[in-house]
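Engineer: Would you mind keeping the following structure in view while I ask a few things?
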4 protein chains.
Amino acid sequence: MLDHRTKVGLERRQRTRRRLVFAAFHLLAERGLDAPIIDLLIKQAGLSRGTFYNHFQSERELFMAVAAEVSVEIIGSVDPIVLRHESPAVRMACGVTLCVKLACRYPVIARFLANGGTQAVFAGGSAMQVIGREALRGREQGLFKVEDLSLAIDLVLGPVLCTFGTLLQREIDADYIKALVRSILLALGLESQLADEVSQINFGEPEPAEDSIFREL
Amino acid sequence: MLDHRTKVGLERRQRTRRRLVFAAFHLLAERGLDAPIIDLLIKQAGLSRGTFYNHFQSERELFMAVAAEVSVEIIGSVDPIVLRHESPAVRMACGVTLCVKLACRYPVIARFLANGGTQAVFAGGSAMQVIGREALRGREQGLFKVEDLSLAIDLVLGPVLCTFGTLLQREIDADYIKALVRSILLALGLESQLADEVSQINFGEPEPAEDSIFREL
Amino acid sequence: MLDHRTKVGLERRQRTRRRLVFAAFHLLAERGLDAPIIDLLIKQAGLSRGTFYNHFQSERELFMAVAAEVSVEIIGSVDPIVLRHESPAVRMACGVTLCVKLACRYPVIARFLANGGTQAVFAGGSAMQVIGREALRGREQGLFKVEDLSLAIDLVLGPVLCTFGTLLQREIDADYIKALVRSILLALGLESQLADEVSQINFGEPEPAEDSIFREL
Amino acid sequence: MLDHRTKVGLERRQRTRRRLVFAAFHLLAERGLDAPIIDLLIKQAGLSRGTFYNHFQSERELFMAVAAEVSVEIIGSVDPIVLRHESPAVRMACGVTLCVKLACRYPVIARFLANGGTQAVFAGGSAMQVIGREALRGREQGLFKVEDLSLAIDLVLGPVLCTFGTLLQREIDADYIKALVRSILLALGLESQLADEVSQINFGEPEPAEDSIFREL
DNA sequence: CATGAATGAGGGTTCATTCAT
DNA sequence: CATGAATGAACCCTCATTCAT
């Protein structure tokens with residue numbers, strides 16, 4: 001009996017928290033990471049100030065939660081598909097392709113990360129970890145030639161983040177993405193012919209969760 | 001007589017404005033582009049609130065002025081040396097190398113651009129123009145293979161901006177820069193062997209003006 | 001339970017708002033309608049800056065609220081007594097008499113309206129409506145001879161506002177008011193003998209609410 | 001020789017001062033008596049800040065100078081014509097008529113006095129003196145019945161100032177002015193028939209000086 | 001645990017006035 | 001006597017956070 005009440009309460013709490021993170025993500029994407037959002041946030045979420053502070057001790061904490069959630073959901077939409085492949089080169093291509101496709105389908109992601117830049121990526125964290133993982137394996141297998149791991153990450157992350165900026169200003173199509181992927185693989189030192197082949201693979205679509213925070217308001 | 005007075009006044013005005021831009025640049029780099037800085041700014045510049053608003057109608061206008069000045073001074077320190085070379089590949093290598101070296105010598109530049117990301121680069125403007133110029137020539141000469149101009153720019157700008165973030169966290173040496181340059185040239189589609197050769201050239205040092213805003217406080 | 005909490009909150013809010021309007025009215029009367037008053041206002045009301053802006057979006061909005069409240073309270077103190085009479089001439093006499101008496105008892109009213117002049121009266125609004133109402137009826141009954149309604153209003157409002165200025169500089173007694181009333185009625189075209197009679201009526205005293213904003217600080 | 005130089009200098013000084021008063025008058029009328037005007041003022045007058053402060057010690061002093069000048073010029077445009085008549089009643093009618101006509105021709109006057117209300121009139125000063133003069137004579141000759149001099153002034157000034165407000169909102173014609181004059185005379189206690197006759201007199205037009213500050217910019 | 005009224009430090013901006021040239 | 005760069009007190013307003021109910 002008490003267990004039940006506790007459980008119901010916890011679920012409700014989680015739902016409320018999610019509503020806040022969802023609304024905050026869209027507001028931060030739209031208005032920038034330093035914009036004041038609490039007033040609008042609680043309005044959009046239909047909650048009171050007090051409730052907000054019951055869930056997050058500060059605005060900063062909210063931002064961290066959003067960045068983490070964005071990170072988790074991107075990885076969650078992309079990595080399971082990436083892991084179906086073996087070769088680090090294919091995996092890297094797959095990851096980049098699906099991330100950009102995801103951002104095309106939900107431009108709010110591009111806006112959030114373009115606005116937030118480094119800050120947002122670092123706060124989220126896991127992106128770098130995943131890129132690093134494949135960069136390392138690729139080097140071990142002699143596919144990639146870049147020695148320095150952090151350089152390898154920059155070579156992937158830099159163009160992808162810039163592409164987010166680009167796709168907010170004009171349509172980008174499958175060919176654009178393929179060219180981007182090919183260039184990134186070349187930058188990492190993959191042989192030209194391999195890069196050509198790998199960048200031509202069709203990786204399907206990213207698969208965000210049903211109730212993803214990326215969905216439109 | 002009147003000319004003299006006018007001239008003295010104008011010079012004075014220019015000096016004051018420069019003091020403001022100088023101090024603002026360092027503060028924005030340190031505290032982020034959205035941080036409130038006017039209070040500290042006028043304190044550091046040793047000027048009054050009113051003086052600030054005699055020179056800039058708003059904080060935003062100050063930011064634009066700083067971004068423009070940063071852009072002008074970077075280009076001014078780098079482009080004259082870049083233009084001594086002929087080949088677009090060499091020029092691109094030279095430009096990237098000198099920019100990163102400049103940021104190594106004056107990390108405040110890295111901080112400003114890493115913090116400001118896209119915003120700061122766009123506001124300044126000229127960087128993209130210069131990259132675009134060489135990307136175009138390189139393609140015309142069959143050196144680079146990337147069709148889309150904005151993609152080419154992203155492939156250069158992205159890794160460089162990320163490198164600015166990296167050099168704030170740890171030392172990066174000449175080899176790191178060479179590896180970066182080589183990767184960027186590869187990404188643009190330059191032949192592997194050429195990329196190797198070009199990235200080995202020694203481009204000397206950037207030459208910022210004596211009274212550059214980059215100098216330490 | 002929830003109703004109770006809501007009700008208590010609302011009452012509290014209303015009390016706070018009233019404190020702000022009250023203090024603002026006295027400050028505006030003392031220092032003029034264009035004077036900066038927020039600092040003193042919140043000090044006198046014992047409230048914080050934020051509270052002020054929770055109740056009024058801007059200083060202008062505060063002024064409008066004060067003007068409206070002044071208008072409502074003057075009408076509320078005077079009109080019920082005016083309406084006990086039938087004849088437009090008597091009503092007009094009654095209204096003018098009671099308004100001037102009210103201003104004599106609470107010179108802060110005179111100060112507010114003398115300072116604010118037209119602006120304050122217009123913003124409040126209702127004064128002109130009430131005067132217009134009686135001017136119209138008086139003309140319909142052939143008592144007043146002034147054709148143009150706005151002229152009729154000016155003939156009443158002008159002298160009364162000037163009288164507010166006068167009573168701030170020297171005492172004015174019942175006879176002064178009677179002379180004023182008589183002159184206004186004559187100006188409107190009332191027959192001389194009637195004007196004499198009507199201006200001799202004793203109209204008692206205005207009856208402001210207990211917690212009127214007119215009361216002294 | 002020196003006399004000549006001195007004289008030329010003084011004349012220049014007077015012209016400069018006049019330019020300032022002229023521009024200030026129009027700005028104050030347009031933007032209100034509490035509006036900041038110095039920046040625009042010196043711009044419109046084509047003078048420097050320093051020059052302004054060579055002529056007026058403070059903004060307040062400028063305002064006083066403008067109010068005085070307005071007063072002098074109104075009286076100067078109207079009183080010479082008023083004094084052609086003998087009867088206080090006719091003179092009062094003449095003065096009111098010409099003042100209102102003047103404000104119709106130069107609405108900037110109405111704006112200045114409507115905005116400034118009592119303040120502007122008092123600061124200027126002389127209006128009340130002239131009205132008082134005729135009110136007194138009229139009473140001595142048994143034409144007017146109002147005992148209290150300041151009440152008499154209020155009965156004239158009040159409606160006239162209100163009329164200034166009215167003429168800013170809609171056209172007023174000769175009949176409107178005649179009705180206004182008639183009402184004012186009645187208010188002062190003039191016999192009805194006389195009031196009718198006097199208010200029908202055609203008083204011509206006010207005669208402002210060639211270089212009056214009232215002229216359009 | 002929810003509510004929303006109240007808080008107040010902190011920010012950007014204005015503008016009358018001064019003063020070195 | 002003219003100039004206009006510089007001054008700084010004073011102002012309006014925001015918004016993250018607290019806390020009594």
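Residue names in the structure tokens use chain letters A, B, ... in the order shown, residue numbers from 1 in each chain, and ligand numbers from 1 in the order shown.
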Quick one: superpose chain A onto chain C using all C-alpha atoms paired in order, least squares, and give it to me as a PDB file with C-alpha atoms, in the first residue's frame.
Structural biologist:
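Result written to superposed_3.pdb:
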ATOM      1  CA  MET A   1      -8.779  24.688   1.104  1.00  0.00           C
ATOM      2  CA  LEU A   2      -7.075  25.749  -2.040  1.00  0.00           C
ATOM      3  CA  ASP A   3      -9.759  28.318  -2.573  1.00  0.00           C
ATOM      4  CA  HIS A   4      -8.978  29.743   0.799  1.00  0.00           C
ATOM      5  CA  ARG A   5      -5.269  29.979   0.095  1.00  0.00           C
ATOM      6  CA  THR A   6      -5.984  31.575  -3.239  1.00  0.00           C
ATOM      7  CA  LYS A   7      -8.331  34.054  -1.665  1.00  0.00           C
ATOM      8  CA  VAL A   8      -5.930  35.013   1.098  1.00  0.00           C
ATOM      9  CA  GLY A   9      -3.176  35.426  -1.477  1.00  0.00           C
ATOM     10  CA  LEU A  10      -5.293  37.644  -3.655  1.00  0.00           C
ATOM     11  CA  GLU A  11      -6.260  39.851  -0.757  1.00  0.00           C
ATOM     12  CA  ARG A  12      -2.650  40.243   0.250  1.00  0.00           C
ATOM     13  CA  ARG A  13      -1.789  41.111  -3.319  1.00  0.00           C
ATOM     14  CA  GLN A  14      -4.499  43.745  -3.408  1.00  0.00           C
ATOM     15  CA  ARG A  15      -3.306  45.253  -0.161  1.00  0.00           C
ATOM     16  CA  THR A  16       0.241  45.501  -1.441  1.00  0.00           C
ATOM     17  CA  ARG A  17      -0.915  47.078  -4.659  1.00  0.00           C
ATOM     18  CA  ARG A  18      -2.943  49.594  -2.720  1.00  0.00           C
ATOM     19  CA  ARG A  19       0.041  50.519  -0.578  1.00  0.00           C
ATOM     20  CA  LEU A  20       1.968  51.235  -3.745  1.00  0.00           C
ATOM     21  CA  VAL A  21      -0.766  53.339  -5.288  1.00  0.00           C
ATOM     22  CA  PHE A  22      -1.234  55.237  -2.048  1.00  0.00           C
ATOM     23  CA  ALA A  23       2.432  56.080  -1.660  1.00  0.00           C
ATOM     24  CA  ALA A  24       2.785  56.878  -5.350  1.00  0.00           C
ATOM     25  CA  PHE A  25      -0.136  59.287  -5.260  1.00  0.00           C
ATOM     26  CA  HIS A  26       1.380  61.305  -2.457  1.00  0.00           C
ATOM     27  CA  LEU A  27       4.833  61.280  -4.020  1.00  0.00           C
ATOM     28  CA  LEU A  28       3.556  62.355  -7.416  1.00  0.00           C
ATOM     29  CA  ALA A  29       1.531  65.132  -5.838  1.00  0.00           C
ATOM     30  CA  GLU A  30       4.519  66.375  -3.913  1.00  0.00           C
ATOM     31  CA  ARG A  31       7.239  66.035  -6.505  1.00  0.00           C
ATOM     32  CA  GLY A  32       5.454  66.401  -9.808  1.00  0.00           C
ATOM     33  CA  LEU A  33       4.357  63.909 -12.396  1.00  0.00           C
ATOM     34  CA  ASP A  34       7.710  63.637 -14.094  1.00  0.00           C
ATOM     35  CA  ALA A  35       9.745  63.257 -10.969  1.00  0.00           C
ATOM     36  CA  PRO A  36      11.527  59.963 -10.369  1.00  0.00           C
ATOM     37  CA  ILE A  37       9.742  58.252  -7.547  1.00  0.00           C
ATOM     38  CA  ILE A  38      10.381  54.545  -7.593  1.00  0.00           C
ATOM     39  CA  ASP A  39      13.261  54.596  -5.148  1.00  0.00           C
ATOM     40  CA  LEU A  40      11.341  56.574  -2.572  1.00  0.00           C
ATOM     41  CA  LEU A  41       8.176  54.734  -3.355  1.00  0.00           C
ATOM     42  CA  ILE A  42       9.437  51.303  -2.474  1.00  0.00           C
ATOM     43  CA  LYS A  43      11.175  52.718   0.562  1.00  0.00           C
ATOM     44  CA  GLN A  44       7.997  54.342   1.843  1.00  0.00           C
ATOM     45  CA  ALA A  45       5.909  51.316   1.001  1.00  0.00           C
ATOM     46  CA  GLY A  46       8.500  49.082   2.622  1.00  0.00           C
ATOM     47  CA  LEU A  47       8.745  46.854  -0.413  1.00  0.00           C
ATOM     48  CA  SER A  48      11.477  45.723  -2.735  1.00  0.00           C
ATOM     49  CA  ARG A  49      12.077  46.750  -6.312  1.00  0.00           C
ATOM     50  CA  GLY A  50      11.102  43.335  -7.512  1.00  0.00           C
ATOM     51  CA  THR A  51       7.772  43.506  -5.770  1.00  0.00           C
ATOM     52  CA  PHE A  52       7.013  46.786  -7.423  1.00  0.00           C
ATOM     53  CA  TYR A  53       7.592  45.302 -10.854  1.00  0.00           C
ATOM     54  CA  ASN A  54       5.413  42.376  -9.995  1.00  0.00           C
ATOM     55  CA  HIS A  55       2.527  44.777  -9.659  1.00  0.00           C
ATOM     56  CA  PHE A  56       3.247  47.287 -12.388  1.00  0.00           C
ATOM     57  CA  GLN A  57       5.077  46.664 -15.607  1.00  0.00           C
ATOM     58  CA  SER A  58       6.380  50.196 -15.726  1.00  0.00           C
ATOM     59  CA  GLU A  59       6.300  53.556 -14.061  1.00  0.00           C
ATOM     60  CA  ARG A  60       3.826  54.733 -16.664  1.00  0.00           C
ATOM     61  CA  GLU A  61       1.439  51.977 -15.697  1.00  0.00           C
ATOM     62  CA  LEU A  62       1.728  53.024 -12.083  1.00  0.00           C
ATOM     63  CA  PHE A  63       0.861  56.598 -13.013  1.00  0.00           C
ATOM     64  CA  MET A  64      -2.198  55.454 -14.935  1.00  0.00           C
ATOM     65  CA  ALA A  65      -3.318  53.383 -11.976  1.00  0.00           C
ATOM     66  CA  VAL A  66      -2.920  56.341  -9.647  1.00  0.00           C
ATOM     67  CA  ALA A  67      -4.782  58.696 -11.970  1.00  0.00           C
ATOM     68  CA  ALA A  68      -7.593  56.173 -12.317  1.00  0.00           C
ATOM     69  CA  GLU A  69      -7.804  55.647  -8.578  1.00  0.00           C
ATOM     70  CA  VAL A  70      -7.862  59.388  -7.914  1.00  0.00           C
ATOM     71  CA  SER A  71     -10.649  59.746 -10.429  1.00  0.00           C
ATOM     72  CA  VAL A  72     -12.639  56.887  -8.975  1.00  0.00           C
ATOM     73  CA  GLU A  73     -12.261  58.116  -5.421  1.00  0.00           C
ATOM     74  CA  ILE A  74     -13.197  61.691  -6.228  1.00  0.00           C
ATOM     75  CA  ILE A  75     -16.285  60.583  -8.108  1.00  0.00           C
ATOM     76  CA  GLY A  76     -17.039  58.097  -5.340  1.00  0.00           C
ATOM     77  CA  SER A  77     -16.861  60.804  -2.691  1.00  0.00           C
ATOM     78  CA  VAL A  78     -18.933  63.278  -4.614  1.00  0.00           C
ATOM     79  CA  ASP A  79     -21.290  61.669  -7.106  1.00  0.00           C
ATOM     80  CA  PRO A  80     -23.533  59.787  -4.678  1.00  0.00           C
ATOM     81  CA  ILE A  81     -24.375  63.114  -3.066  1.00  0.00           C
ATOM     82  CA  VAL A  82     -24.748  64.832  -6.429  1.00  0.00           C
ATOM     83  CA  LEU A  83     -27.240  62.211  -7.523  1.00  0.00           C
ATOM     84  CA  ARG A  84     -29.505  62.957  -4.579  1.00  0.00           C
ATOM     85  CA  HIS A  85     -30.456  66.105  -6.461  1.00  0.00           C
ATOM     86  CA  GLU A  86     -32.536  66.311  -9.614  1.00  0.00           C
ATOM     87  CA  SER A  87     -31.830  69.560 -11.414  1.00  0.00           C
ATOM     88  CA  PRO A  88     -28.692  69.565 -13.591  1.00  0.00           C
ATOM     89  CA  ALA A  89     -27.917  73.066 -12.317  1.00  0.00           C
ATOM     90  CA  VAL A  90     -28.048  71.952  -8.701  1.00  0.00           C
ATOM     91  CA  ARG A  91     -26.100  68.842  -9.508  1.00  0.00           C
ATOM     92  CA  MET A  92     -23.373  70.845 -11.223  1.00  0.00           C
ATOM     93  CA  ALA A  93     -23.225  73.233  -8.290  1.00  0.00           C
ATOM     94  CA  CYS A  94     -23.124  70.331  -5.895  1.00  0.00           C
ATOM     95  CA  GLY A  95     -20.348  68.571  -7.815  1.00  0.00           C
ATOM     96  CA  VAL A  96     -18.147  71.634  -8.055  1.00  0.00           C
ATOM     97  CA  THR A  97     -18.695  72.553  -4.415  1.00  0.00           C
ATOM     98  CA  LEU A  98     -17.886  69.110  -3.091  1.00  0.00           C
ATOM     99  CA  CYS A  99     -14.836  68.700  -5.315  1.00  0.00           C
ATOM    100  CA  VAL A 100     -13.367  71.960  -4.132  1.00  0.00           C
ATOM    101  CA  LYS A 101     -14.233  71.156  -0.530  1.00  0.00           C
ATOM    102  CA  LEU A 102     -12.578  67.791  -0.922  1.00  0.00           C
ATOM    103  CA  ALA A 103      -9.451  69.456  -2.260  1.00  0.00           C
ATOM    104  CA  CYS A 104      -9.525  71.888   0.655  1.00  0.00           C
ATOM    105  CA  ARG A 105      -9.643  69.071   3.140  1.00  0.00           C
ATOM    106  CA  TYR A 106      -6.994  67.054   1.288  1.00  0.00           C
ATOM    107  CA  PRO A 107      -4.719  69.567  -0.434  1.00  0.00           C
ATOM    108  CA  VAL A 108      -2.724  66.647  -1.779  1.00  0.00           C
ATOM    109  CA  ILE A 109      -5.499  66.291  -4.347  1.00  0.00           C
ATOM    110  CA  ALA A 110      -5.087  69.883  -5.460  1.00  0.00           C
ATOM    111  CA  ARG A 111      -1.361  69.398  -5.674  1.00  0.00           C
ATOM    112  CA  PHE A 112      -1.712  66.257  -7.746  1.00  0.00           C
ATOM    113  CA  LEU A 113      -4.155  67.774 -10.189  1.00  0.00           C
ATOM    114  CA  ALA A 114      -2.503  71.180 -10.342  1.00  0.00           C
ATOM    115  CA  ASN A 115       0.837  69.558 -11.042  1.00  0.00           C
ATOM    116  CA  GLY A 116      -0.538  67.105 -13.489  1.00  0.00           C
ATOM    117  CA  GLY A 117      -3.059  69.414 -15.066  1.00  0.00           C
ATOM    118  CA  THR A 118      -4.770  68.116 -18.121  1.00  0.00           C
ATOM    119  CA  GLN A 119      -2.696  64.982 -18.186  1.00  0.00           C
ATOM    120  CA  ALA A 120      -3.926  63.753 -14.833  1.00  0.00           C
ATOM    121  CA  VAL A 121      -7.539  64.590 -15.525  1.00  0.00           C
ATOM    122  CA  PHE A 122      -7.546  62.938 -18.918  1.00  0.00           C
ATOM    123  CA  ALA A 123      -5.777  59.866 -17.637  1.00  0.00           C
ATOM    124  CA  GLY A 124      -8.334  59.522 -14.898  1.00  0.00           C
ATOM    125  CA  GLY A 125     -11.112  60.150 -17.349  1.00  0.00           C
ATOM    126  CA  SER A 126     -14.341  59.962 -15.490  1.00  0.00           C
ATOM    127  CA  ALA A 127     -14.491  63.594 -14.367  1.00  0.00           C
ATOM    128  CA  MET A 128     -15.209  64.773 -17.873  1.00  0.00           C
ATOM    129  CA  GLN A 129     -17.820  62.119 -18.280  1.00  0.00           C
ATOM    130  CA  VAL A 130     -19.742  63.249 -15.225  1.00  0.00           C
ATOM    131  CA  ILE A 131     -19.535  66.935 -16.107  1.00  0.00           C
ATOM    132  CA  GLY A 132     -20.609  66.120 -19.641  1.00  0.00           C
ATOM    133  CA  ARG A 133     -23.597  64.182 -18.382  1.00  0.00           C
ATOM    134  CA  GLU A 134     -25.002  67.109 -16.447  1.00  0.00           C
ATOM    135  CA  ALA A 135     -24.077  69.683 -19.085  1.00  0.00           C
ATOM    136  CA  LEU A 136     -26.059  67.701 -21.582  1.00  0.00           C
ATOM    137  CA  ARG A 137     -29.091  67.325 -19.366  1.00  0.00           C
ATOM    138  CA  GLY A 138     -28.957  70.990 -18.458  1.00  0.00           C
ATOM    139  CA  ARG A 139     -29.013  71.973 -22.092  1.00  0.00           C
ATOM    140  CA  GLU A 140     -31.845  69.614 -22.856  1.00  0.00           C
ATOM    141  CA  GLN A 141     -33.838  71.174 -20.068  1.00  0.00           C
ATOM    142  CA  GLY A 142     -33.074  74.642 -21.400  1.00  0.00           C
ATOM    143  CA  LEU A 143     -31.142  75.635 -18.289  1.00  0.00           C
ATOM    144  CA  PHE A 144     -27.728  75.915 -19.916  1.00  0.00           C
ATOM    145  CA  LYS A 145     -27.176  77.762 -23.152  1.00  0.00           C
ATOM    146  CA  VAL A 146     -23.767  76.465 -24.228  1.00  0.00           C
ATOM    147  CA  GLU A 147     -24.134  74.456 -27.416  1.00  0.00           C
ATOM    148  CA  ASP A 148     -20.767  72.795 -27.628  1.00  0.00           C
ATOM    149  CA  LEU A 149     -20.337  70.051 -25.066  1.00  0.00           C
ATOM    150  CA  SER A 150     -16.568  70.248 -24.874  1.00  0.00           C
ATOM    151  CA  LEU A 151     -16.809  73.990 -24.331  1.00  0.00           C
ATOM    152  CA  ALA A 152     -19.198  73.378 -21.466  1.00  0.00           C
ATOM    153  CA  ILE A 153     -16.712  70.984 -19.911  1.00  0.00           C
ATOM    154  CA  ASP A 154     -13.891  73.497 -20.298  1.00  0.00           C
ATOM    155  CA  LEU A 155     -15.991  76.157 -18.618  1.00  0.00           C
ATOM    156  CA  VAL A 156     -16.376  73.975 -15.555  1.00  0.00           C
ATOM    157  CA  LEU A 157     -13.040  72.182 -15.473  1.00  0.00           C
ATOM    158  CA  GLY A 158     -10.905  75.232 -16.216  1.00  0.00           C
ATOM    159  CA  PRO A 159     -11.944  77.364 -13.264  1.00  0.00           C
ATOM    160  CA  VAL A 160     -12.017  74.390 -10.919  1.00  0.00           C
ATOM    161  CA  LEU A 161      -8.466  73.359 -11.800  1.00  0.00           C
ATOM    162  CA  CYS A 162      -7.309  76.950 -11.402  1.00  0.00           C
ATOM    163  CA  THR A 163      -9.015  77.051  -8.035  1.00  0.00           C
ATOM    164  CA  PHE A 164      -6.943  74.053  -7.005  1.00  0.00           C
ATOM    165  CA  GLY A 165      -3.892  76.149  -7.772  1.00  0.00           C
ATOM    166  CA  THR A 166      -5.294  79.031  -5.772  1.00  0.00           C
ATOM    167  CA  LEU A 167      -6.145  77.024  -2.682  1.00  0.00           C
ATOM    168  CA  LEU A 168      -2.552  75.848  -2.485  1.00  0.00           C
ATOM    169  CA  GLN A 169      -1.470  79.425  -2.080  1.00  0.00           C
ATOM    170  CA  ARG A 170      -4.062  80.807   0.242  1.00  0.00           C
ATOM    171  CA  GLU A 171      -7.051  79.798   2.309  1.00  0.00           C
ATOM    172  CA  ILE A 172     -10.361  79.873   0.445  1.00  0.00           C
ATOM    173  CA  ASP A 173     -13.653  79.921   2.335  1.00  0.00           C
ATOM    174  CA  ALA A 174     -17.247  78.939   1.702  1.00  0.00           C
ATOM    175  CA  ASP A 175     -18.029  82.293   0.141  1.00  0.00           C
ATOM    176  CA  TYR A 176     -15.228  81.919  -2.326  1.00  0.00           C
ATOM    177  CA  ILE A 177     -16.609  78.572  -3.371  1.00  0.00           C
ATOM    178  CA  LYS A 178     -20.112  79.991  -3.690  1.00  0.00           C
ATOM    179  CA  ALA A 179     -18.839  82.783  -5.909  1.00  0.00           C
ATOM    180  CA  LEU A 180     -16.985  80.245  -8.015  1.00  0.00           C
ATOM    181  CA  VAL A 181     -20.084  78.077  -8.378  1.00  0.00           C
ATOM    182  CA  ARG A 182     -22.243  81.036  -9.273  1.00  0.00           C
ATOM    183  CA  SER A 183     -19.795  82.159 -11.938  1.00  0.00           C
ATOM    184  CA  ILE A 184     -19.610  78.721 -13.468  1.00  0.00           C
ATOM    185  CA  LEU A 185     -23.375  78.467 -13.654  1.00  0.00           C
ATOM    186  CA  LEU A 186     -23.541  81.894 -15.254  1.00  0.00           C
ATOM    187  CA  ALA A 187     -20.903  80.867 -17.738  1.00  0.00           C
ATOM    188  CA  LEU A 188     -23.007  77.877 -18.691  1.00  0.00           C
ATOM    189  CA  GLY A 189     -25.859  80.276 -19.369  1.00  0.00           C
ATOM    190  CA  LEU A 190     -28.024  79.745 -16.317  1.00  0.00           C
ATOM    191  CA  GLU A 191     -30.295  82.634 -15.584  1.00  0.00           C
ATOM    192  CA  SER A 192     -28.815  85.080 -13.131  1.00  0.00           C
ATOM    193  CA  GLN A 193     -31.454  84.711 -10.475  1.00  0.00           C
ATOM    194  CA  LEU A 194     -31.376  80.937 -10.581  1.00  0.00           C
ATOM    195  CA  ALA A 195     -27.614  81.003 -10.376  1.00  0.00           C
ATOM    196  CA  ASP A 196     -27.887  83.129  -7.254  1.00  0.00           C
ATOM    197  CA  GLU A 197     -30.324  80.749  -5.625  1.00  0.00           C
ATOM    198  CA  VAL A 198     -28.546  77.545  -6.539  1.00  0.00           C
ATOM    199  CA  SER A 199     -25.169  78.790  -5.434  1.00  0.00           C
ATOM    200  CA  GLN A 200     -26.573  79.488  -1.981  1.00  0.00           C
ATOM    201  CA  ILE A 201     -27.596  75.894  -1.338  1.00  0.00           C
ATOM    202  CA  ASN A 202     -25.615  74.114   1.360  1.00  0.00           C
ATOM    203  CA  PHE A 203     -24.407  70.811  -0.049  1.00  0.00           C
ATOM    204  CA  GLY A 204     -22.798  69.331   3.036  1.00  0.00           C
ATOM    205  CA  GLU A 205     -19.470  67.616   2.860  1.00  0.00           C
ATOM    206  CA  PRO A 206     -17.925  65.082   0.481  1.00  0.00           C
ATOM    207  CA  GLU A 207     -17.679  61.583   1.879  1.00  0.00           C
ATOM    208  CA  PRO A 208     -14.443  59.882   0.972  1.00  0.00           C
ATOM    209  CA  ALA A 209     -14.039  56.216   1.889  1.00  0.00           C
ATOM    210  CA  GLU A 210     -12.420  55.298   5.183  1.00  0.00           C
ATOM    211  CA  ASP A 211      -9.245  53.992   3.583  1.00  0.00           C
ATOM    212  CA  SER A 212      -9.097  56.603   0.846  1.00  0.00           C
ATOM    213  CA  ILE A 213      -5.704  57.283  -0.698  1.00  0.00           C
ATOM    214  CA  PHE A 214      -6.324  60.931   0.092  1.00  0.00           C
ATOM    215  CA  ARG A 215      -5.720  60.537   3.812  1.00  0.00           C
ATOM    216  CA  GLU A 216      -2.437  61.830   5.141  1.00  0.00           C
ATOM    217  CA  LEU A 217       0.605  59.640   5.233  1.00  0.00           C
TER     218      LEU A 217
END
Engineer: Using only C-alpha atoms (C1' of nucleotides), I'd like every residue of chain E that has an atom within 12 Å of chain B; please write them out as a PyMOL selection string.
Structural biologist: chain E and resi 10-17+20-21
Engineer: Identify all chain F residues at most 10 Å from chain A by counting only C-alpha atoms (C1' of nucleotides); ligands do not count. Present them as a list in words.
Structural biologist: DT14, DC15, DA16, DT17, DT18 and DC19 of chain F
Engineer: Please dump the current selection as a compact mmCIF listing (two decimals), in the first residue's frame; keep N, CA and C atoms (P, O5', C5', C4', C3', O3' and C1' of nucleotides).
Structural biologist:
# COMPACT_ATOMS: atom_id res chain seq x y z
P DT F 14 11.73 44.98 -17.42
O5' DT F 14 12.91 44.07 -16.86
C5' DT F 14 14.16 44.10 -17.51
C4' DT F 14 15.03 43.00 -16.95
C3' DT F 14 14.36 41.64 -16.86
O3' DT F 14 15.31 40.70 -17.35
C1' DT F 14 15.20 42.25 -14.73
P DC F 15 14.87 39.34 -17.93
O5' DC F 15 15.23 38.38 -16.72
C5' DC F 15 16.46 38.63 -16.03
C4' DC F 15 16.51 37.80 -14.76
C3' DC F 15 15.59 36.58 -14.76
O3' DC F 15 16.26 35.55 -14.07
C1' DC F 15 15.10 37.90 -12.92
P DA F 16 16.21 34.09 -14.60
O5' DA F 16 17.05 33.32 -13.50
C5' DA F 16 18.39 33.70 -13.27
C4' DA F 16 18.70 33.68 -11.78
C3' DA F 16 18.40 32.37 -11.07
O3' DA F 16 19.40 32.16 -10.07
C1' DA F 16 17.09 34.08 -10.10
P DT F 17 19.39 30.81 -9.32
O5' DT F 17 18.58 31.18 -8.00
C5' DT F 17 19.11 32.18 -7.13
C4' DT F 17 18.12 32.50 -6.03
C3' DT F 17 17.58 31.31 -5.23
O3' DT F 17 18.01 31.51 -3.89
C1' DT F 17 15.87 32.87 -5.71
P DT F 18 17.74 30.42 -2.82
O5' DT F 18 16.66 31.12 -1.87
C5' DT F 18 16.89 32.43 -1.43
C4' DT F 18 15.67 32.97 -0.71
C3' DT F 18 15.10 32.05 0.38
O3' DT F 18 14.81 32.87 1.49
C1' DT F 18 13.39 32.64 -1.11
P DC F 19 14.71 32.27 2.92
O5' DC F 19 13.14 32.33 3.22
C5' DC F 19 12.41 33.51 2.88
C4' DC F 19 10.91 33.25 3.06
C3' DC F 19 10.58 32.14 4.07
O3' DC F 19 9.38 32.52 4.73
C1' DC F 19 9.64 31.61 2.01
